[in-house]
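K.L.:
Following this line is final05.cif, made up of mmCIF, C-alpha atoms and all ligand atoms:
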```
data_start
#
loop_
_atom_site.label_atom_id
_atom_site.label_comp_id
_atom_site.auth_asym_id
_atom_site.auth_seq_id
_atom_site.Cartn_x
_atom_site.Cartn_y
_atom_site.Cartn_z
CA MET A 1 0.00 0.00 0.00
CA LEU A 2 1.26 3.44 -0.98
CA THR A 3 0.09 6.68 0.61
CA VAL A 4 1.09 10.05 -0.80
CA ARG A 5 -0.07 13.01 1.25
CA GLY A 6 0.13 16.73 0.50
CA LEU A 7 3.13 16.40 -1.78
CA ASN A 8 4.65 19.63 -3.10
CA THR A 9 7.69 19.47 -5.36
CA GLU A 10 9.36 22.53 -6.84
CA TYR A 11 12.21 23.21 -9.25
CA PRO A 12 14.33 26.33 -8.87
CA SER A 13 14.22 28.56 -11.89
CA GLN A 14 16.93 30.93 -13.15
CA LYS A 15 14.66 33.93 -13.07
CA GLY A 16 11.33 34.37 -11.35
CA PRO A 17 9.65 32.13 -8.79
CA ALA A 18 10.25 28.38 -8.48
CA VAL A 19 8.29 26.03 -10.76
CA LYS A 20 5.58 24.39 -8.66
CA ALA A 21 5.63 21.09 -10.55
CA ALA A 22 3.55 19.03 -8.09
CA GLN A 23 1.03 20.74 -5.83
CA ASP A 24 -0.76 19.18 -2.90
CA VAL A 25 -0.70 15.76 -4.56
CA THR A 26 -2.58 13.25 -2.42
CA PHE A 27 -3.60 9.70 -3.23
CA GLU A 28 -3.63 6.17 -1.90
CA VAL A 29 -2.95 2.90 -3.73
CA PRO A 30 -4.00 -0.38 -2.09
CA ALA A 31 -1.55 -3.29 -2.28
CA GLY A 32 -1.47 -5.09 -5.61
CA LYS A 33 -3.35 -2.39 -7.53
CA PHE A 34 -2.47 -0.63 -10.76
CA PHE A 35 -2.69 3.14 -10.36
CA THR A 36 -2.18 5.60 -13.19
CA LEU A 37 -1.19 9.26 -13.22
CA LEU A 38 -2.69 10.69 -16.39
CA GLY A 39 -2.44 14.19 -17.80
CA PRO A 40 -1.07 16.43 -20.53
CA SER A 41 2.61 17.18 -21.04
CA GLY A 42 4.11 19.21 -18.21
CA CYS A 43 1.31 18.55 -15.70
CA GLY A 44 3.69 17.02 -13.16
CA LYS A 45 3.40 13.25 -13.68
CA THR A 46 7.13 12.51 -13.88
CA THR A 47 7.82 14.89 -11.02
CA THR A 48 5.34 13.01 -8.82
CA LEU A 49 6.84 9.65 -9.79
CA ARG A 50 10.42 10.86 -9.21
CA SER A 51 9.36 12.24 -5.84
CA ILE A 52 8.00 8.82 -4.86
CA ALA A 53 11.23 7.22 -6.07
CA GLY A 54 13.32 9.65 -4.03
CA LEU A 55 14.96 11.16 -7.11
CA GLU A 56 13.44 14.53 -6.21
CA ARG A 57 13.17 15.92 -2.72
CA PRO A 58 9.71 17.44 -2.25
CA VAL A 59 9.31 20.73 -0.39
CA SER A 60 6.60 19.21 1.78
CA GLY A 61 4.39 16.18 2.20
CA GLU A 62 4.63 12.58 3.22
CA ILE A 63 5.15 9.26 1.39
CA VAL A 64 4.47 5.96 3.15
CA VAL A 65 4.94 2.50 1.63
CA ASN A 66 3.59 -0.51 3.50
CA GLY A 67 3.79 1.37 6.78
CA ARG A 68 7.35 2.60 6.19
CA VAL A 69 7.73 6.38 5.94
CA VAL A 70 10.17 7.00 3.07
CA PHE A 71 9.63 10.75 3.06
CA SER A 72 8.20 13.18 5.57
CA SER A 73 8.94 16.90 5.56
CA GLU A 74 7.51 17.28 9.04
CA ARG A 75 9.53 14.45 10.57
CA LYS A 76 12.57 15.28 8.43
CA ILE A 77 12.71 11.80 6.91
CA PHE A 78 14.24 11.20 3.51
CA ILE A 79 15.18 7.63 2.61
CA PRO A 80 17.61 7.70 -0.35
CA PRO A 81 16.33 6.09 -3.56
CA ASN A 82 18.63 3.05 -3.42
CA GLN A 83 17.23 2.14 0.00
CA ARG A 84 13.58 2.39 -0.98
CA ASN A 85 13.50 -0.94 -2.82
CA PHE A 86 11.32 0.30 -5.69
CA GLY A 87 11.57 -0.94 -9.27
CA MET A 88 11.60 1.69 -11.98
CA VAL A 89 11.29 1.82 -15.73
CA PHE A 90 11.65 5.18 -17.40
CA GLN A 91 10.59 6.46 -20.77
CA SER A 92 14.14 6.21 -22.07
CA TYR A 93 14.97 2.85 -20.58
CA ALA A 94 18.65 2.00 -20.80
CA ILE A 95 19.60 -1.47 -21.91
CA TRP A 96 23.29 -2.09 -21.41
CA PRO A 97 24.88 -2.97 -24.73
CA HIS A 98 27.64 -5.59 -24.94
CA MET A 99 25.86 -7.46 -22.19
CA THR A 100 23.60 -10.45 -22.57
CA VAL A 101 19.93 -10.40 -21.67
CA PHE A 102 20.76 -12.43 -18.58
CA ALA A 103 23.54 -10.06 -17.48
CA ASN A 104 21.25 -7.07 -17.94
CA ALA A 105 18.55 -8.58 -15.76
CA ALA A 106 21.08 -9.82 -13.18
CA PHE A 107 22.83 -6.45 -12.87
CA PRO A 108 20.73 -5.02 -10.00
CA LEU A 109 21.41 -8.18 -7.98
CA GLU A 110 25.14 -8.21 -8.82
CA VAL A 111 25.68 -4.68 -7.54
CA ARG A 112 23.78 -5.23 -4.33
CA LYS A 113 25.69 -4.84 -1.09
CA ASN A 114 24.84 -8.18 0.43
CA LYS A 115 25.46 -10.31 -2.59
CA MET A 116 23.58 -13.47 -3.31
CA SER A 117 25.09 -16.74 -4.44
CA LYS A 118 25.46 -17.37 -8.18
CA SER A 119 22.76 -20.02 -8.13
CA GLU A 120 20.36 -17.79 -6.24
CA ILE A 121 20.88 -15.01 -8.76
CA ARG A 122 20.42 -17.45 -11.64
CA GLU A 123 17.13 -18.67 -10.23
CA LYS A 124 15.73 -15.19 -9.64
CA VAL A 125 16.82 -13.88 -13.04
CA MET A 126 15.37 -16.83 -14.92
CA ARG A 127 12.13 -16.40 -13.04
CA VAL A 128 11.70 -12.75 -14.10
CA LEU A 129 12.88 -13.48 -17.62
CA SER A 130 10.20 -16.11 -17.92
CA ALA A 131 7.60 -13.70 -16.48
CA VAL A 132 8.33 -11.34 -19.38
CA ALA A 133 8.68 -14.26 -21.84
CA LEU A 134 12.38 -13.73 -22.56
CA GLU A 135 13.89 -16.85 -21.02
CA GLN A 136 14.82 -18.29 -24.39
CA TYR A 137 16.90 -15.16 -25.13
CA ALA A 138 18.90 -15.20 -21.90
CA ASP A 139 22.24 -15.60 -23.69
CA ARG A 140 21.59 -13.20 -26.52
CA GLU A 141 23.23 -9.78 -26.63
CA ALA A 142 20.67 -7.28 -25.36
CA THR A 143 21.01 -4.93 -28.33
CA LYS A 144 19.97 -7.78 -30.61
CA LEU A 145 16.43 -7.71 -29.26
CA SER A 146 13.45 -6.02 -30.84
CA GLY A 147 12.10 -2.80 -29.29
CA GLY A 148 9.34 -4.63 -27.48
CA GLN A 149 11.74 -7.26 -26.17
CA GLN A 150 14.09 -4.54 -24.89
CA GLN A 151 11.14 -2.94 -23.16
CA ARG A 152 10.31 -6.24 -21.49
CA LEU A 153 13.96 -6.63 -20.48
CA ALA A 154 13.84 -3.21 -18.81
CA LEU A 155 10.76 -4.40 -16.96
CA ALA A 156 12.50 -7.66 -15.93
CA ARG A 157 15.41 -5.65 -14.55
CA ALA A 158 12.97 -3.57 -12.47
CA LEU A 159 11.22 -6.70 -11.20
CA VAL A 160 14.28 -8.76 -10.29
CA MET A 161 14.75 -6.93 -6.99
CA GLU A 162 11.22 -7.98 -6.01
CA PRO A 163 10.38 -4.35 -5.38
CA GLU A 164 7.64 -3.26 -3.01
CA LEU A 165 6.52 -0.77 -5.59
CA LEU A 166 6.87 -0.65 -9.37
CA LEU A 167 7.17 2.82 -10.88
CA LEU A 168 6.67 3.05 -14.65
CA ASP A 169 7.07 6.32 -16.55
CA GLU A 170 5.59 6.01 -20.06
CA PRO A 171 7.36 2.67 -20.52
CA LEU A 172 5.62 1.92 -23.80
CA SER A 173 6.18 5.25 -25.52
CA ASN A 174 9.06 4.09 -27.71
CA LEU A 175 7.05 1.34 -29.34
CA ASP A 176 4.96 1.36 -32.49
CA ALA A 177 1.18 1.20 -32.06
CA LYS A 178 0.81 -2.55 -32.62
CA LEU A 179 3.59 -3.53 -30.26
CA ARG A 180 2.29 -1.07 -27.69
CA ASP A 181 -1.12 -2.78 -27.73
CA ARG A 182 0.53 -6.16 -27.21
CA MET A 183 2.79 -4.88 -24.44
CA ARG A 184 -0.24 -3.40 -22.71
CA PHE A 185 -1.71 -6.87 -22.38
CA GLU A 186 1.64 -8.28 -21.28
CA LEU A 187 2.09 -5.59 -18.69
CA LYS A 188 -1.34 -6.15 -17.27
CA ARG A 189 -0.75 -9.89 -17.15
CA ILE A 190 2.63 -9.56 -15.43
CA GLN A 191 1.25 -7.04 -12.95
CA ARG A 192 -1.69 -9.29 -12.15
CA GLU A 193 0.40 -12.45 -11.86
CA LEU A 194 2.98 -10.88 -9.59
CA GLY A 195 0.40 -8.81 -7.70
CA ILE A 196 2.82 -5.94 -7.52
CA THR A 197 1.61 -2.45 -6.57
CA THR A 198 2.23 -0.33 -9.66
CA ILE A 199 2.26 3.39 -10.35
CA TYR A 200 2.05 4.09 -14.03
CA VAL A 201 2.55 7.41 -15.81
CA THR A 202 1.08 8.17 -19.20
CA HIS A 203 -0.49 10.97 -21.22
CA ASP A 204 -2.41 8.39 -23.30
CA GLN A 205 -5.97 8.14 -22.01
CA GLY A 206 -6.64 4.87 -23.86
CA GLU A 207 -3.69 3.27 -22.13
CA ALA A 208 -4.86 4.57 -18.75
CA LEU A 209 -8.40 3.30 -19.26
CA ALA A 210 -7.19 -0.12 -20.43
CA LEU A 211 -4.68 -0.80 -17.67
CA SER A 212 -5.74 0.85 -14.45
CA HIS A 213 -7.71 -0.02 -11.38
CA GLU A 214 -7.74 3.71 -10.64
CA ILE A 215 -6.71 6.82 -12.52
CA ALA A 216 -5.64 10.19 -11.15
CA VAL A 217 -6.09 12.91 -13.75
CA MET A 218 -3.55 15.72 -13.31
CA ASN A 219 -3.54 19.25 -14.61
CA GLU A 220 -1.02 22.01 -13.85
CA GLY A 221 0.64 20.13 -11.02
CA ARG A 222 -2.57 19.06 -9.29
CA ILE A 223 -4.76 15.98 -9.22
CA VAL A 224 -8.17 17.07 -10.49
CA GLN A 225 -10.05 13.78 -10.23
CA VAL A 226 -9.34 10.26 -8.96
CA GLY A 227 -11.47 7.22 -9.69
CA PRO A 228 -11.90 3.95 -11.55
CA PRO A 229 -11.63 4.26 -15.37
CA ARG A 230 -15.35 3.96 -15.97
CA THR A 231 -16.25 6.63 -13.41
CA ILE A 232 -13.68 9.04 -14.81
CA TYR A 233 -15.00 8.43 -18.32
CA GLU A 234 -18.71 8.51 -17.53
CA HIS A 235 -18.75 11.04 -14.72
CA PRO A 236 -16.07 13.64 -15.36
CA ARG A 237 -16.22 16.34 -12.69
CA THR A 238 -14.78 19.09 -14.83
CA LYS A 239 -14.66 20.10 -18.48
CA PHE A 240 -10.94 19.49 -18.43
CA VAL A 241 -11.38 15.84 -17.43
CA ALA A 242 -14.27 15.29 -19.88
CA GLU A 243 -12.21 16.67 -22.74
CA PHE A 244 -8.92 15.06 -21.83
CA ILE A 245 -10.42 11.58 -21.56
CA GLY A 246 -11.81 11.01 -25.01
CA THR A 247 -14.03 13.01 -27.32
CA THR A 248 -17.16 14.67 -26.04
CA ASN A 249 -19.89 17.14 -26.97
CA PHE A 250 -20.08 20.20 -24.73
CA ILE A 251 -23.50 21.83 -24.74
CA ASP A 252 -23.72 25.05 -22.71
CA GLY A 253 -26.99 25.58 -20.91
CA VAL A 254 -28.89 27.00 -17.96
CA VAL A 255 -30.56 24.92 -15.24
CA LEU A 256 -34.35 25.23 -15.50
CA GLY A 257 -35.17 23.32 -12.33
CA PHE A 258 -35.71 19.89 -10.87
CA ASP A 259 -38.13 17.77 -12.87
CA GLU A 260 -40.03 15.79 -10.22
CA PRO A 261 -41.62 13.13 -12.47
CA ALA A 262 -38.27 12.38 -14.11
CA GLY A 263 -36.35 12.71 -10.85
CA ARG A 264 -33.70 14.72 -12.63
CA TRP A 265 -32.49 18.24 -13.22
CA LYS A 266 -33.54 19.83 -16.48
CA VAL A 267 -31.25 22.11 -18.46
CA ARG A 268 -32.17 24.48 -21.29
CA THR A 269 -29.63 24.17 -24.11
CA PRO A 270 -29.34 25.07 -27.80
CA ALA A 271 -29.94 21.37 -28.49
CA GLY A 272 -33.26 21.45 -26.61
CA ASP A 273 -34.25 20.99 -22.97
CA LEU A 274 -32.28 18.08 -21.56
CA LEU A 275 -32.72 15.92 -18.48
CA VAL A 276 -29.27 15.38 -17.04
CA SER A 277 -27.33 13.45 -14.45
CA THR A 278 -24.79 15.16 -12.24
CA ASP A 279 -22.48 14.68 -9.27
CA SER A 280 -22.59 18.39 -8.49
CA ALA A 281 -25.09 20.45 -6.51
CA LEU A 282 -27.21 22.29 -9.08
CA THR A 283 -29.53 25.25 -8.52
CA PRO A 284 -32.03 26.88 -10.89
CA ASN A 285 -30.52 29.46 -13.28
CA MET A 286 -27.03 28.06 -12.77
CA ARG A 287 -24.88 27.99 -15.90
CA VAL A 288 -23.71 24.47 -16.73
CA THR A 289 -22.07 22.56 -19.53
CA VAL A 290 -23.65 19.27 -20.50
CA SER A 291 -21.11 16.70 -21.64
CA ILE A 292 -22.26 13.76 -23.74
CA ARG A 293 -19.97 11.34 -25.58
CA PRO A 294 -20.55 10.80 -29.32
CA GLU A 295 -21.18 7.08 -28.78
CA ASP A 296 -24.00 7.97 -26.36
CA VAL A 297 -25.86 10.13 -28.89
CA GLU A 298 -28.32 7.66 -30.37
CA LEU A 299 -29.51 8.26 -33.92
CA SER A 300 -32.32 6.69 -35.86
CA ASP A 301 -34.30 7.23 -39.05
CA ASP A 302 -37.51 6.40 -37.29
CA ALA A 303 -38.85 8.52 -34.42
CA THR A 304 -40.79 5.62 -32.96
CA THR A 305 -37.97 3.12 -32.51
CA SER A 306 -36.24 4.70 -29.55
CA GLY A 307 -39.06 3.81 -27.13
CA SER A 308 -38.18 6.57 -24.72
CA THR A 309 -39.42 10.15 -25.03
CA GLU A 310 -36.79 11.66 -22.72
CA ASN A 311 -34.21 13.88 -24.42
CA VAL A 312 -35.55 13.04 -27.86
CA THR A 313 -35.24 15.59 -30.62
CA SER A 314 -34.50 15.75 -34.31
CA GLY A 315 -31.89 17.38 -36.50
CA LEU A 316 -30.40 17.42 -39.96
CA VAL A 317 -27.48 15.30 -41.07
CA ASP A 318 -24.75 17.83 -41.84
CA GLN A 319 -21.71 15.60 -42.39
CA LYS A 320 -20.73 12.01 -41.99
CA VAL A 321 -17.45 10.16 -41.99
CA PHE A 322 -17.25 6.41 -42.54
CA LEU A 323 -14.60 4.84 -40.29
CA GLY A 324 -15.13 1.14 -40.89
CA ASP A 325 -16.57 -0.18 -37.65
CA PHE A 326 -18.59 3.00 -37.10
CA VAL A 327 -19.78 6.20 -38.77
CA ASP A 328 -19.34 9.65 -37.28
CA PHE A 329 -22.35 11.88 -37.92
CA GLN A 330 -22.50 15.62 -37.46
CA VAL A 331 -26.09 16.50 -36.75
CA GLN A 332 -27.37 20.06 -36.81
CA ILE A 333 -29.99 20.77 -34.14
CA GLY A 334 -31.03 24.40 -34.53
CA ASP A 335 -27.71 26.24 -34.39
CA PHE A 336 -25.97 23.47 -32.51
CA MET A 337 -23.73 20.88 -34.13
CA LEU A 338 -23.75 17.55 -32.32
CA LEU A 339 -21.26 14.75 -32.95
CA SER A 340 -22.56 11.19 -32.90
CA ARG A 341 -20.77 7.91 -33.37
CA ALA A 342 -23.21 5.45 -34.94
CA HIS A 343 -23.31 1.92 -36.25
CA PRO A 344 -22.31 1.70 -39.94
CA SER A 345 -25.74 0.26 -40.77
CA LEU A 346 -27.20 3.76 -40.36
CA ARG A 347 -27.32 5.21 -43.87
CA THR A 348 -29.27 8.47 -43.51
CA PRO A 349 -28.10 10.77 -46.33
CA ILE A 350 -26.66 14.24 -45.77
CA GLY A 351 -29.41 16.87 -45.60
CA GLU A 352 -32.07 14.46 -44.32
CA THR A 353 -33.85 14.62 -40.97
CA ILE A 354 -32.59 12.28 -38.28
CA HIS A 355 -33.94 11.50 -34.82
CA VAL A 356 -31.67 12.00 -31.87
CA ARG A 357 -31.84 10.62 -28.35
CA MET A 358 -29.47 11.61 -25.59
CA ASN A 359 -29.83 9.19 -22.70
CA PRO A 360 -30.20 11.33 -19.53
CA ASP A 361 -27.83 8.95 -17.69
CA LYS A 362 -25.13 9.93 -20.17
CA CYS A 363 -25.77 13.69 -20.13
CA VAL A 364 -23.41 14.88 -17.41
CA ALA A 365 -24.01 18.44 -16.21
CA ILE A 366 -20.85 20.22 -15.08
CA PRO A 367 -21.26 23.60 -13.33
CA GLU A 368 -19.48 26.33 -15.24
CA ASP A 369 -17.42 27.52 -12.32
CA SER A 370 -16.05 24.08 -11.54
CA SER A 371 -12.48 25.02 -12.26
CA ALA A 372 -9.86 22.53 -13.37
CA ARG A 373 -8.80 22.15 -9.77
CA ALA A 374 -12.14 21.01 -8.33
CA ALA A 375 -11.68 18.60 -5.45
CA ALA A 376 -10.87 15.02 -6.34
N1 LIG A 401 14.63 19.57 -13.74
C1 LIG A 401 13.69 20.51 -13.90
N2 LIG A 401 13.96 21.82 -13.69
C2 LIG A 401 13.04 22.78 -13.83
N3 LIG A 401 11.77 22.55 -14.20
C3 LIG A 401 11.41 21.28 -14.42
C4 LIG A 401 12.34 20.20 -14.29
N4 LIG A 401 11.70 19.03 -14.59
C5 LIG A 401 10.43 19.39 -14.89
N5 LIG A 401 10.25 20.72 -14.79
C6 LIG A 401 8.97 21.45 -14.98
O1 LIG A 401 8.02 20.94 -14.08
C7 LIG A 401 6.76 20.80 -14.69
C8 LIG A 401 6.29 19.35 -14.60
O2 LIG A 401 7.17 18.54 -15.36
P1 LIG A 401 7.01 16.97 -15.46
O3 LIG A 401 8.24 16.44 -16.11
O4 LIG A 401 6.68 16.42 -14.12
O5 LIG A 401 5.75 16.84 -16.43
P2 LIG A 401 5.09 15.53 -17.08
O6 LIG A 401 3.66 15.54 -16.66
O7 LIG A 401 5.89 14.34 -16.77
O8 LIG A 401 5.15 15.87 -18.64
P3 LIG A 401 5.47 14.92 -19.93
O9 LIG A 401 4.17 14.24 -20.26
O10 LIG A 401 5.85 15.91 -20.99
O11 LIG A 401 6.56 13.99 -19.57
C9 LIG A 401 6.93 21.32 -16.10
O12 LIG A 401 6.50 22.65 -16.14
C10 LIG A 401 8.40 21.21 -16.36
O13 LIG A 401 8.83 22.17 -17.29
MG MG A 402 7.03 13.01 -17.96
#
```
Go through the file and emit its structure as structure tokens.
P.N.:
Amino acid sequence: MLTVRGLNTEYPSQKGPAVKAAQDVTFEVPAGKFFTLLGPSGCGKTTTLRSIAGLERPVSGEIVVNGRVVFSSERKIFIPPNQRNFGMVFQSYAIWPHMTVFANAAFPLEVRKNKMSKSEIREKVMRVLSAVALEQYADREATKLSGGQQQRLALARALVMEPELLLLDEPLSNLDAKLRDRMRFELKRIQRELGITTIYVTHDQGEALALSHEIAVMNEGRIVQVGPPRTIYEHPRTKFVAEFIGTTNFIDGVVLGFDEPAGRWKVRTPAGDLLVSTDSALTPNMRVTVSIRPEDVELSDDATTSGSTENVTSGLVDQKVFLGDFVDFQVQIGDFMLLSRAHPSLRTPIGETIHVRMNPDKCVAIPEDSSARAAA
């Protein structure tokens, strides 16, 4: 279990005030879970990870791993990185050339103070090499591996110490798309099999959604929302989170009031009056943005097929783009242009009327003043 509390990490700058790279970062990761820090470039992901590793010394805060305080500003505790027993793989992983796969993986054990016996090392190394499916390459020179194999070797080297915590900073970024997809599965399998608590850093929302038990979305040094992938995707608390995690329609509106029969708030928008769901406290006349994902905008040629009458309207097909397994429609509703991702069987021609349903469960109302730093 990892607990990070009130972490602030700064970098001195030549001129002007220090760069506040991580601000009041707080989260908890239960043992054996896969936790991801997700956010745009420069938001403080690497800084947070390096602070956990002990490669940066935070200005304040506390880091506790399995009951052991590795950093506390208040108690003046700073355990150096080599005594934290964490495994790390960085974006630019370094494979040692002129060394075999085996020697690369064995290196962290060879340089350890209390050295193990040769046979002990051999057993541990072969075990991690087999976990990453490289055991048959043990004697090959490391540079003669493919990119994905080198990546797995870097992972094996991080795992060989049997770390309490695995810290991964965009470890798949050097791979082409296909290999990255495969490595994602591998990584998840290895993590699950070894049950190792993992902190993963990425700016790729697809990767975060696919791999994580929980995601912390970061912006400008702060965590803006923490939750399981589905919650983050379906119930973004802020516009920043909604937009960063996938594509969405933002429809600005004003709260009309609470609709008793429907048991929901109703919002007046340029795309019609919409019943919405929300995690925020709404009040009449409040300005909100309704976020609905393109795949949740249901289209049909026939007004009667949808069954429900809630959030049903019609528009004109303005554009469509065929993408193989789906078709993206742009539908004009009054002055508003709505994006919908539909099944390719829908063939409504451009210029024709189309019926639109926006499931109230999927219409998430976000108050306008919920800044990017709303509480997690
Ligand atoms: N050594 C450093 N000295 C000064 N400023 C730094 C240093 N390292 C990072 N920063 C600044 O701190 C902020 C956070 O950087 P960080 O590397 O943590 O971002 P990141 O989220 O990992 O971004 P990326 O996705 O591009 O890797 C940025 O504004 C960056 O410019
Ligand atoms: Mg980074």
K.L.:
Between A:Leu165, A:Ile52, A:Ala365, A:Ala103, which residue has the minimum interatomic distance to Gly253 (chain A), considering all atoms listed in the file?
P.N.:
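Ranked by minimum distance to Gly253 (chain A), first place goes to A:Ala365.
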K.L.:
For ligand LIG 401 (chain A), take all atoms listed in the file, fit an axis-aligned box around them, add 4 Å to each of the six sides, then output centre and edge lengths in Å rounded to one decimal, as lines of an AutoDock Vina configuration file.
P.N.:
```
center_x = 9.1
center_y = 18.4
center_z = -17.3
size_x = 19.0
size_y = 16.8
size_z = 15.3
```
K.L.:
For Asp301 (chain A), work out the shell of residues within 10 Å, counting all atoms listed in the file and skipping chain neighbours fewer than 6 positions away, then give it as a ChimeraX atom specification.
P.N.:
/A:314,346-348,352-356
K.L.:
As a count of residues only, please: every protein or nucleic acid residue near ligand MG 402 (chain A) (cut-off 9 Å, counting all atoms listed in the file).
P.N.:
14
K.L.:
Could you give me the residues within 12 Å of ligand LIG 401 (chain A), counting all atoms listed in the file, as number ranges by chain?
P.N.:
A: 8-23, 37-51, 55-57, 90-92, 168-171, 173, 200-205, 217-223
K.L.:
Those same residues - C-alpha atoms - I'd like them written as a compact mmCIF listing (two decimals), in the coordinates of the input.
P.N.:
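Output (selection_11.txt):
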```
# COMPACT_ATOMS: atom_id res chain seq x y z
CA ASN A 8 4.65 19.63 -3.10
CA THR A 9 7.69 19.47 -5.36
CA GLU A 10 9.36 22.53 -6.84
CA TYR A 11 12.21 23.21 -9.25
CA PRO A 12 14.33 26.33 -8.87
CA SER A 13 14.22 28.56 -11.89
CA GLN A 14 16.93 30.93 -13.15
CA LYS A 15 14.66 33.93 -13.07
CA GLY A 16 11.33 34.37 -11.35
CA PRO A 17 9.65 32.13 -8.79
CA ALA A 18 10.25 28.38 -8.48
CA VAL A 19 8.29 26.03 -10.76
CA LYS A 20 5.58 24.39 -8.66
CA ALA A 21 5.63 21.09 -10.55
CA ALA A 22 3.55 19.03 -8.09
CA GLN A 23 1.03 20.74 -5.83
CA LEU A 37 -1.19 9.26 -13.22
CA LEU A 38 -2.69 10.69 -16.39
CA GLY A 39 -2.44 14.19 -17.80
CA PRO A 40 -1.07 16.43 -20.53
CA SER A 41 2.61 17.18 -21.04
CA GLY A 42 4.11 19.21 -18.21
CA CYS A 43 1.31 18.55 -15.70
CA GLY A 44 3.69 17.02 -13.16
CA LYS A 45 3.40 13.25 -13.68
CA THR A 46 7.13 12.51 -13.88
CA THR A 47 7.82 14.89 -11.02
CA THR A 48 5.34 13.01 -8.82
CA LEU A 49 6.84 9.65 -9.79
CA ARG A 50 10.42 10.86 -9.21
CA SER A 51 9.36 12.24 -5.84
CA LEU A 55 14.96 11.16 -7.11
CA GLU A 56 13.44 14.53 -6.21
CA ARG A 57 13.17 15.92 -2.72
CA PHE A 90 11.65 5.18 -17.40
CA GLN A 91 10.59 6.46 -20.77
CA SER A 92 14.14 6.21 -22.07
CA LEU A 168 6.67 3.05 -14.65
CA ASP A 169 7.07 6.32 -16.55
CA GLU A 170 5.59 6.01 -20.06
CA PRO A 171 7.36 2.67 -20.52
CA SER A 173 6.18 5.25 -25.52
CA TYR A 200 2.05 4.09 -14.03
CA VAL A 201 2.55 7.41 -15.81
CA THR A 202 1.08 8.17 -19.20
CA HIS A 203 -0.49 10.97 -21.22
CA ASP A 204 -2.41 8.39 -23.30
CA GLN A 205 -5.97 8.14 -22.01
CA VAL A 217 -6.09 12.91 -13.75
CA MET A 218 -3.55 15.72 -13.31
CA ASN A 219 -3.54 19.25 -14.61
CA GLU A 220 -1.02 22.01 -13.85
CA GLY A 221 0.64 20.13 -11.02
CA ARG A 222 -2.57 19.06 -9.29
CA ILE A 223 -4.76 15.98 -9.22
```
K.L.:
Just how far from CA of Lys239 (chain A) is CA of Pro58 (chain A), in Å to one decimal?
P.N.:
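So the two atoms, CA of Pro58 (chain A) and CA of Lys239 (chain A), lie 29.4 Å apart.
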K.L.:
One number please: CA of Thr198 (chain A) to CA of Leu166 (chain A), in Å, one decimal.
P.N.:
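Answer for the CA of Thr198 (chain A) to CA of Leu166 (chain A) separation: 4.7 Å.
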K.L.:
Determine the nearest neighbour of Met337 (chain A) from the options A:Val101, A:Ala271, A:Val241, A:Ile215, counting only C-alpha atoms.
P.N.:
A:Ala271
K.L.:
Can you tell me, as a list in words, what residues are no more than 8 Å from Val290 (chain A) when counting all atoms listed in the file, ignoring any on the same chain fewer than 6 positions away?
P.N.:
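The contact residues come out as Asn249, Phe250, Ile251, Asp252, Gly253, Val276, Cys363, Val364, Ala365 and Ile366 of chain A.
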K.L.:
Around (10.5, 1.4, -26.5), as given in the file, which residues come within 6 Å? Count only C-alpha atoms and list them as an MDAnalysis selection string.
P.N.:
chainID A and resid 147 151 172:175
